[in-house]
>>> print(open('my_file_11.txt').read())   # compact mmCIF, C-alpha atoms
# COMPACT_ATOMS: atom_id res chain seq x y z
CA MET A 8 145.45 160.11 150.77
CA PHE A 9 147.04 159.49 154.17
CA GLU A 10 144.65 161.91 155.85
CA GLU A 11 141.66 160.08 154.40
CA VAL A 12 142.87 156.66 155.59
CA GLN A 13 143.73 158.22 158.95
CA LYS A 14 140.21 159.62 159.25
CA ILE A 15 138.55 156.30 158.38
CA LEU A 16 140.77 154.37 160.79
CA ALA A 17 140.27 156.82 163.63
CA LYS A 18 136.51 156.66 163.24
CA GLN A 19 136.47 152.89 162.99
CA LEU A 20 138.82 152.19 165.88
CA ARG A 21 137.52 155.11 167.93
CA ILE A 22 140.96 156.55 168.56
CA GLU A 23 142.52 159.99 168.21
CA PRO A 24 143.67 160.66 164.62
CA SER A 25 146.93 162.01 166.03
CA ARG A 26 147.83 158.49 167.16
CA ILE A 27 147.86 157.31 163.56
CA THR A 28 151.03 157.82 161.54
CA PRO A 29 152.14 156.21 158.27
CA GLU A 30 154.47 153.99 160.29
CA SER A 31 151.74 152.79 162.69
CA ARG A 32 151.20 149.05 162.51
CA ILE A 33 147.46 148.59 162.10
CA MET A 34 147.10 145.59 164.37
CA GLU A 35 149.94 145.87 166.84
CA ASP A 36 150.04 149.65 167.37
CA LEU A 37 146.45 150.65 166.74
CA GLY A 38 144.79 147.57 168.23
CA ALA A 39 142.78 146.63 165.14
CA ASP A 40 141.65 143.04 164.62
CA SER A 41 141.18 141.25 161.33
CA LEU A 42 137.50 142.25 161.21
CA ASN A 43 138.48 145.92 161.60
CA ILE A 44 140.89 145.57 158.70
CA LEU A 45 138.20 143.98 156.52
CA GLN A 46 135.80 146.79 157.39
CA LEU A 47 138.47 149.41 156.70
CA LEU A 48 139.10 147.91 153.27
CA MET A 49 135.37 147.72 152.56
CA LYS A 50 135.02 151.39 153.41
CA ILE A 51 137.93 152.27 151.14
CA GLU A 52 136.45 150.12 148.35
CA ASP A 53 133.09 151.85 148.72
CA ASP A 54 134.60 155.34 148.82
CA TYR A 55 136.96 154.86 145.89
CA GLY A 56 134.95 152.38 143.83
CA ILE A 57 137.81 149.91 143.63
CA VAL A 58 138.29 146.27 144.54
CA ILE A 59 141.17 145.36 146.82
CA PRO A 60 141.95 141.68 146.23
CA ASP A 61 141.77 139.53 149.36
CA GLU A 62 145.27 138.28 148.60
CA ARG A 63 146.56 141.79 149.39
CA LEU A 64 145.31 141.68 152.97
CA ALA A 65 148.46 140.10 154.37
CA GLY A 66 150.53 142.88 152.80
CA PHE A 67 148.84 145.66 154.75
CA VAL A 68 150.91 145.80 157.92
CA THR A 69 151.25 149.55 158.40
CA VAL A 70 148.97 152.46 157.54
CA GLY A 71 151.62 153.48 155.01
CA ASP A 72 151.18 150.16 153.18
CA VAL A 73 147.50 150.95 152.61
CA VAL A 74 148.25 154.51 151.49
CA GLU A 75 150.99 153.30 149.14
CA TYR A 76 148.62 150.75 147.60
CA LEU A 77 145.91 153.35 147.07
CA ASN A 78 148.36 155.81 145.53
CA ALA A 79 149.50 153.11 143.11
CA LYS A 80 145.87 152.38 142.20
CA LYS A 81 145.15 156.03 141.32
CA MET B 294 136.61 114.66 114.95
CA LYS B 295 137.38 113.24 118.38
CA THR B 296 140.26 115.75 118.80
CA ASN B 297 137.95 118.64 117.85
CA LEU B 298 135.40 117.54 120.41
CA THR B 299 138.08 117.26 123.07
CA LEU B 300 139.36 120.76 122.25
CA LEU B 301 135.82 122.09 122.36
CA ALA B 302 135.22 120.47 125.74
CA VAL B 303 138.50 121.85 127.14
CA SER B 304 137.69 125.35 125.80
CA ALA B 305 134.21 125.24 127.32
CA PHE B 306 135.70 124.09 130.64
CA LEU B 307 138.29 126.89 130.66
CA LEU B 308 135.71 129.49 129.63
CA PHE B 309 133.47 128.37 132.45
CA PHE B 310 136.21 128.73 135.04
CA GLU B 311 137.43 131.99 133.55
CA THR B 312 133.91 133.37 133.95
CA ALA B 313 133.23 131.83 137.32
CA PHE B 314 136.44 132.83 139.04
CA ALA B 315 137.40 136.00 137.21
CA GLN B 316 138.37 138.94 139.41
CA ALA B 317 136.67 142.18 138.64
CA ASP B 318 138.78 145.34 138.80
CA SER B 319 136.12 147.82 139.73
CA LEU B 320 133.60 147.60 142.51
CA GLN B 321 130.80 148.29 140.05
CA ALA B 322 131.84 145.31 137.93
CA LYS B 323 132.13 143.18 141.03
CA ARG B 324 128.56 143.76 142.10
CA GLN B 325 126.49 140.65 141.61
CA PRO B 326 122.98 141.49 142.68
CA TRP B 327 121.64 137.95 142.89
CA ASP B 328 122.58 134.72 144.53
CA ILE B 329 120.94 131.34 144.66
CA ARG B 330 121.86 128.61 147.08
CA VAL B 331 120.90 125.14 148.16
CA GLY B 332 121.66 123.69 151.53
CA MET B 333 120.75 121.32 154.26
CA SER B 334 120.57 121.31 158.02
CA GLY B 335 119.47 119.06 160.84
CA VAL B 336 115.92 117.86 161.29
CA SER B 337 113.47 120.70 161.46
CA PRO B 338 112.06 121.03 165.00
CA SER B 339 108.67 121.93 163.57
CA ALA B 340 108.69 118.82 161.36
CA ASN B 341 108.64 116.67 164.46
CA GLN B 342 105.18 117.96 165.17
CA VAL B 343 103.69 115.85 162.40
CA ARG B 344 104.96 112.60 163.80
CA ARG B 345 102.32 110.54 165.59
CA TYR B 346 103.64 109.22 168.85
CA SER B 347 102.49 106.14 170.69
CA ALA B 348 98.88 106.64 171.60
CA TYR B 349 99.07 105.65 175.23
CA THR B 350 100.38 108.00 177.85
CA VAL B 351 99.68 108.20 181.54
CA GLY B 352 96.42 109.97 182.15
CA LYS B 353 94.79 108.88 178.89
CA PRO B 354 92.13 106.18 178.77
CA LEU B 355 93.57 102.69 179.07
CA THR B 356 92.01 101.67 175.77
CA THR B 357 94.45 103.92 173.93
CA MET B 358 97.15 101.47 174.97
CA TYR B 359 95.97 99.28 172.13
CA GLY B 360 96.53 101.91 169.48
CA ASP B 361 99.19 101.43 166.80
CA TYR B 362 102.66 102.59 167.73
CA PRO B 363 105.31 104.13 165.48
CA GLY B 364 108.62 102.48 164.58
CA PRO B 365 111.98 104.16 163.98
CA LEU B 366 111.93 107.44 162.10
CA THR B 367 113.91 108.11 158.93
CA SER B 368 114.31 111.69 157.77
CA THR B 369 115.74 113.62 154.84
CA ASN B 370 116.76 116.34 157.31
CA ASN B 371 115.92 119.86 156.33
CA ILE B 372 116.72 120.64 152.69
CA GLY B 373 116.22 124.04 151.18
CA ALA B 374 116.79 126.49 148.37
CA GLU B 375 116.98 130.25 148.54
CA ALA B 376 117.17 133.16 146.10
CA MET B 377 118.51 136.46 147.38
CA MET B 378 118.60 139.92 145.89
CA HIS B 379 121.39 142.16 147.17
CA LEU B 380 120.00 145.63 147.82
CA SER B 381 123.40 146.98 148.73
CA ARG B 382 126.75 145.65 149.78
CA ARG B 383 125.44 145.30 153.31
CA SER B 384 121.97 143.93 152.89
CA ALA B 385 120.01 141.39 150.92
CA VAL B 386 116.43 140.19 150.86
CA GLY B 387 115.09 137.01 149.40
CA MET B 388 112.84 134.03 149.57
CA GLY B 389 113.61 130.56 150.81
CA LEU B 390 111.80 127.29 150.48
CA SER B 391 112.70 124.34 152.67
CA ALA B 392 111.28 120.93 153.34
CA CYS B 393 111.82 118.15 155.83
CA PHE B 394 110.40 114.71 155.03
CA HIS B 395 109.88 111.99 157.63
CA ASN B 396 108.92 108.40 157.19
CA TYR B 397 108.01 105.81 159.80
CA LYS B 398 106.04 102.62 159.99
CA THR B 399 103.29 101.98 162.48
CA TYR B 400 102.85 98.63 164.18
CA SER B 401 99.91 96.96 165.83
CA SER B 402 99.93 96.86 169.61
CA ILE B 403 97.66 93.81 169.60
CA GLU B 404 99.32 91.64 166.96
CA LYS B 405 102.93 91.98 167.96
CA GLY B 406 105.24 93.07 165.15
CA VAL B 407 102.53 93.38 162.50
CA GLN B 408 103.06 96.48 160.39
CA LYS B 409 99.91 98.51 159.96
CA SER B 410 101.02 101.38 157.73
CA SER B 411 103.90 103.42 156.37
CA VAL B 412 103.56 107.09 157.10
CA THR B 413 105.27 109.92 155.28
CA SER B 414 105.05 113.40 156.68
CA ALA B 415 106.53 116.68 155.61
CA ALA B 416 107.01 120.18 156.92
CA ILE B 417 107.39 122.69 154.12
CA CYS B 418 108.44 126.24 154.93
CA ILE B 419 108.30 129.35 152.84
CA LEU B 420 110.53 131.98 154.34
CA PRO B 421 111.11 135.58 153.35
CA THR B 422 114.63 136.35 154.55
CA TYR B 423 116.66 139.44 155.35
CA ARG B 424 120.42 139.17 155.51
CA LEU B 425 122.91 141.70 156.87
CA TYR B 426 126.52 141.40 155.71
CA TYR B 427 129.00 142.29 158.43
CA THR B 428 131.82 142.09 155.89
CA ASP B 429 131.66 141.62 152.16
CA LYS B 430 135.06 141.02 150.66
CA GLU B 431 135.90 139.32 147.44
CA ILE B 432 136.25 135.77 148.75
CA VAL B 433 135.03 135.74 152.34
CA ARG B 434 131.78 137.25 153.53
CA LEU B 435 130.32 137.20 157.04
CA TYR B 436 126.65 137.73 157.58
CA GLY B 437 123.68 137.28 159.85
CA GLY B 438 120.06 136.84 158.90
CA VAL B 439 116.48 136.52 160.01
CA SER B 440 113.65 134.66 158.32
CA LEU B 441 109.96 134.83 159.05
CA GLY B 442 107.35 132.85 157.18
CA LEU B 443 104.96 129.94 157.28
CA THR B 444 105.25 126.19 157.64
CA SER B 445 102.71 123.79 156.17
CA TYR B 446 102.43 120.22 157.36
CA PHE B 447 101.45 117.14 155.42
CA ASN B 448 100.95 113.62 156.64
CA THR B 449 99.79 110.65 154.59
CA ASP B 450 98.26 108.93 157.63
CA ILE B 451 96.33 111.65 159.34
CA SER B 452 93.85 113.91 157.62
CA GLY B 453 94.78 117.53 157.11
CA ALA B 454 92.53 118.67 159.93
CA GLY B 455 94.58 120.38 162.58
CA TYR B 456 97.57 120.90 160.27
CA VAL B 457 96.99 124.54 159.56
CA PRO B 458 100.06 126.51 158.46
CA LYS B 459 102.00 127.86 161.40
CA LEU B 460 104.38 130.72 161.85
CA ALA B 461 107.97 129.76 161.07
CA PHE B 462 111.07 131.72 161.92
CA ASN B 463 114.80 131.32 162.05
CA VAL B 464 117.60 133.55 163.26
CA SER B 465 121.16 133.05 162.07
CA PRO B 466 123.44 135.39 164.01
CA ILE B 467 126.53 134.27 162.13
CA GLY B 468 127.15 132.76 158.73
CA ILE B 469 130.12 132.61 156.40
CA GLU B 470 130.35 132.42 152.62
CA VAL B 471 133.61 131.48 150.96
CA GLY B 472 134.15 131.80 147.22
CA ARG B 473 133.73 134.26 144.38
CA LYS B 474 130.92 133.35 142.00
CA TRP B 475 130.58 129.81 143.26
CA PHE B 476 130.66 129.71 147.01
CA GLY B 477 130.16 127.40 149.94
CA PHE B 478 128.37 128.60 153.04
CA MET B 479 127.83 127.57 156.63
CA GLU B 480 125.66 129.27 159.20
CA MET B 481 124.54 128.79 162.77
CA GLY B 482 120.86 129.17 163.36
CA LEU B 483 118.07 128.80 165.81
CA GLY B 484 114.35 128.64 165.13
CA THR B 485 111.51 126.46 163.96
CA VAL B 486 113.18 125.66 160.64
CA PHE B 487 116.50 124.38 161.93
CA CYS B 488 118.57 124.46 165.09
CA GLY B 489 122.33 124.20 164.77
CA VAL B 490 124.33 124.28 161.58
CA SER B 491 123.16 124.71 158.02
CA PHE B 492 125.54 124.33 155.08
CA GLY B 493 125.48 124.21 151.31
CA ALA B 494 126.61 125.88 148.12
CA GLY B 495 125.50 128.76 145.97
CA TYR B 496 126.15 130.86 142.89
CA LYS B 497 126.32 134.64 142.57
CA PHE B 498 125.33 136.39 139.36
>>> encode(input="my_file_11.txt", output="structure tokens")
Amino acid sequence: MFEEVQKILAKQLRIEPSRITPESRIMEDLGADSLNILQLLMKIEDDYGIVIPDERLAGFVTVGDVVEYLNAKK
Amino acid sequence: MKTNLTLLAVSAFLLFFETAFAQADSLQAKRQPWDIRVGMSGVSPSANQVRRYSAYTVGKPLTTMYGDYPGPLTSTNNIGAEAMMHLSRRSAVGMGLSACFHNYKTYSSIEKGVQKSSVTSAAICILPTYRLYYTDKEIVRLYGGVSLGLTSYFNTDISGAGYVPKLAFNVSPIGIEVGRKWFGFMEMGLGTVFCGVSFGAGYKF
């Protein structure tokens, strides 16, 4: 699951996948803005056919948070 | 009997809100392919074309100075309704209908202050619209859109001659919708239909 999120993030933020680790903070470390996060979540929703409630947005600080959420949803 | 009616009313109210604000678990269940909306914006620039201005201007024959002149203008602003069909999560097409009504009185230039007539004019637009959603999350959606259609003009004072339908367009580079099934929206736009901000409410189903 981490590899898939890593791939989506790298493509969206146009950065090297190697820069992205589970501990990377999406905004501070990877330079994403709130629009990037929304687009990331939309992509994940489309790919996995799930709905991520908007209330969860504030909880996604690191890449690991997103992966953990998706693993729990499986 | 009264208690039963009250309970029924409360149940209907709760059912309505349960339906309207329920969160769907799967993306497939979340998809709502239609939305309808009503809104308003500032006075339509094209609607101003149907207003008759004071007849005399420099360069025209002096006799036109004695034509009737218009008083203050009252307007409904631009009011409209739109139905959209969502082709995908990113795009939607639809049809909009908007109208802007003006009313003004004309006064005699010869008999000072004597009202000659009350004139109502309207600009009615029919606008096929395409909308692109930059983001489409559960509560907040950002979008941009373009509309291209026709505007018809009506005026109770001047015959229809010369008021042939004209091309109408509007571009809204940024708009925001907030809400699940019921939502409010606001968008910035530029064109012959409205310039500035448009706002209103809608329902997705």
>>> residues_near_point(input="my_file_11.txt", point="(118.4, 117.4, 163.8)", cutoff="9 Å", atoms="all atoms listed in the file", output="list of chain:residue names")
B:Ser334, B:Gly335, B:Val336, B:Ser337, B:Pro338, B:Asn370, B:Asn371, B:Phe487, B:Cys488, B:Gly489
>>> residues_around(input="my_file_11.txt", residues="A:Lys81", least_positions_apart="4", cutoff="12 Å", atoms="all atoms listed in the file", output="list in words")
Met8, Tyr55, Gly56, Ile57, Val74, Glu75, Tyr76 and Leu77 of chain A
>>> interface_residues(input="my_file_11.txt", of="chain A", to="chain B", cutoff="7 Å", atoms="all atoms listed in the file", output="PyMOL selection string")
chain A and resi 45-46+49+52+56-58+60-61
>>> residues_around(input="my_file_11.txt", residues="A:Val68", least_positions_apart="4", cutoff="8 Å", atoms="all atoms listed in the file", output="number ranges by chain")
A: 32-34, 72
>>> write_last_selection(input="my_file_11.txt", atoms="C-alpha atoms", output="mmCIF file, keeping the file's coordinate frame")
data_model
loop_
_atom_site.group_PDB
_atom_site.id
_atom_site.type_symbol
_atom_site.label_atom_id
_atom_site.label_comp_id
_atom_site.auth_asym_id
_atom_site.auth_seq_id
_atom_site.Cartn_x
_atom_site.Cartn_y
_atom_site.Cartn_z
ATOM 1 C CA ARG A 32 151.200 149.050 162.510
ATOM 2 C CA ILE A 33 147.460 148.590 162.100
ATOM 3 C CA MET A 34 147.100 145.590 164.370
ATOM 4 C CA ASP A 72 151.180 150.160 153.180
#
>>> atom_distance(input="my_file_11.txt", atom1="atom CA of B:Val490", atom2="atom CA of B:Pro466")
11.4 Å
>>> atom_distance(input="my_file_11.txt", atom1="atom CA of A:Pro29", atom2="atom CA of A:Val70")
5.0 Å
>>> atom_distance(input="my_file_11.txt", atom1="atom CA of A:Lys18", atom2="atom CA of A:Thr69")
17.1 Å
>>> closest_residue(input="my_file_11.txt", among="B:Leu380, B:Ile419, B:Leu425, B:Val386", to="B:Pro458", atoms="all atoms listed in the file")
B:Ile419
>>> build_atoms(input="my_file_11.txt", residues="stretch 29-53 of chain A", atoms="N, CA, C and O atoms", output="tab-separated table (two decimals), keeping the file's coordinate frame")
chain	number	residue	atom	x	y	z
A	29	PRO	N	151.92	157.19	159.35
A	29	PRO	CA	152.14	156.21	158.27
A	29	PRO	C	152.89	154.97	158.75
A	29	PRO	O	152.74	153.89	158.19
A	30	GLU	N	153.67	155.13	159.79
A	30	GLU	CA	154.47	153.99	160.29
A	30	GLU	C	153.68	153.12	161.27
A	30	GLU	O	154.16	152.04	161.66
A	31	SER	N	152.51	153.56	161.69
A	31	SER	CA	151.74	152.79	162.69
A	31	SER	C	151.36	151.42	162.12
A	31	SER	O	150.84	151.33	161.00
A	32	ARG	N	151.64	150.39	162.91
A	32	ARG	CA	151.20	149.05	162.51
A	32	ARG	C	149.72	148.91	162.91
A	32	ARG	O	149.37	149.15	164.06
A	33	ILE	N	148.93	148.52	161.91
A	33	ILE	CA	147.46	148.59	162.10
A	33	ILE	C	147.00	147.69	163.26
A	33	ILE	O	146.19	148.10	164.07
A	34	MET	N	147.56	146.50	163.32
A	34	MET	CA	147.10	145.59	164.37
A	34	MET	C	147.83	145.81	165.68
A	34	MET	O	147.21	145.98	166.73
A	35	GLU	N	149.15	145.81	165.61
A	35	GLU	CA	149.94	145.87	166.84
A	35	GLU	C	149.84	147.23	167.54
A	35	GLU	O	149.63	147.30	168.75
A	36	ASP	N	150.00	148.33	166.75
A	36	ASP	CA	150.04	149.65	167.37
A	36	ASP	C	148.65	150.26	167.59
A	36	ASP	O	148.44	150.99	168.55
A	37	LEU	N	147.75	149.99	166.65
A	37	LEU	CA	146.45	150.65	166.74
A	37	LEU	C	145.37	149.75	167.35
A	37	LEU	O	144.25	150.17	167.59
A	38	GLY	N	145.72	148.48	167.56
A	38	GLY	CA	144.79	147.57	168.23
A	38	GLY	C	143.65	147.06	167.36
A	38	GLY	O	142.62	146.61	167.87
A	39	ALA	N	143.84	147.12	166.04
A	39	ALA	CA	142.78	146.63	165.14
A	39	ALA	C	142.82	145.09	165.09
A	39	ALA	O	143.88	144.49	165.27
A	40	ASP	N	141.65	144.49	164.86
A	40	ASP	CA	141.65	143.04	164.62
A	40	ASP	C	141.36	142.81	163.14
A	40	ASP	O	141.17	143.76	162.37
A	41	SER	N	141.33	141.54	162.75
A	41	SER	CA	141.18	141.25	161.33
A	41	SER	C	139.84	141.76	160.78
A	41	SER	O	139.74	142.18	159.63
A	42	LEU	N	138.81	141.76	161.64
A	42	LEU	CA	137.50	142.25	161.21
A	42	LEU	C	137.57	143.76	160.95
A	42	LEU	O	136.99	144.26	159.98
A	43	ASN	N	138.31	144.48	161.82
A	43	ASN	CA	138.48	145.92	161.60
A	43	ASN	C	139.16	146.19	160.27
A	43	ASN	O	138.78	147.11	159.54
A	44	ILE	N	140.16	145.36	159.96
A	44	ILE	CA	140.89	145.57	158.70
A	44	ILE	C	139.96	145.32	157.51
A	44	ILE	O	139.93	146.09	156.54
A	45	LEU	N	139.15	144.27	157.60
A	45	LEU	CA	138.20	143.98	156.52
A	45	LEU	C	137.22	145.14	156.34
A	45	LEU	O	136.92	145.55	155.22
A	46	GLN	N	136.76	145.69	157.47
A	46	GLN	CA	135.80	146.79	157.39
A	46	GLN	C	136.45	148.07	156.86
A	46	GLN	O	135.84	148.82	156.11
A	47	LEU	N	137.73	148.26	157.23
A	47	LEU	CA	138.47	149.41	156.70
A	47	LEU	C	138.57	149.30	155.18
A	47	LEU	O	138.31	150.25	154.44
A	48	LEU	N	138.93	148.10	154.72
A	48	LEU	CA	139.10	147.91	153.27
A	48	LEU	C	137.76	148.04	152.55
A	48	LEU	O	137.70	148.57	151.44
A	49	MET	N	136.69	147.56	153.18
A	49	MET	CA	135.37	147.72	152.56
A	49	MET	C	135.01	149.19	152.41
A	49	MET	O	134.45	149.60	151.41
A	50	LYS	N	135.32	149.95	153.43
A	50	LYS	CA	135.02	151.39	153.41
A	50	LYS	C	135.82	152.07	152.29
A	50	LYS	O	135.27	152.89	151.53
A	51	ILE	N	137.09	151.68	152.20
A	51	ILE	CA	137.93	152.27	151.14
A	51	ILE	C	137.38	151.86	149.77
A	51	ILE	O	137.28	152.68	148.85
A	52	GLU	N	137.01	150.59	149.63
A	52	GLU	CA	136.45	150.12	148.35
A	52	GLU	C	135.20	150.90	147.99
A	52	GLU	O	135.01	151.29	146.84
A	53	ASP	N	134.33	151.11	148.97
A	53	ASP	CA	133.09	151.85	148.72
A	53	ASP	C	133.39	153.30	148.33
A	53	ASP	O	132.81	153.83	147.39
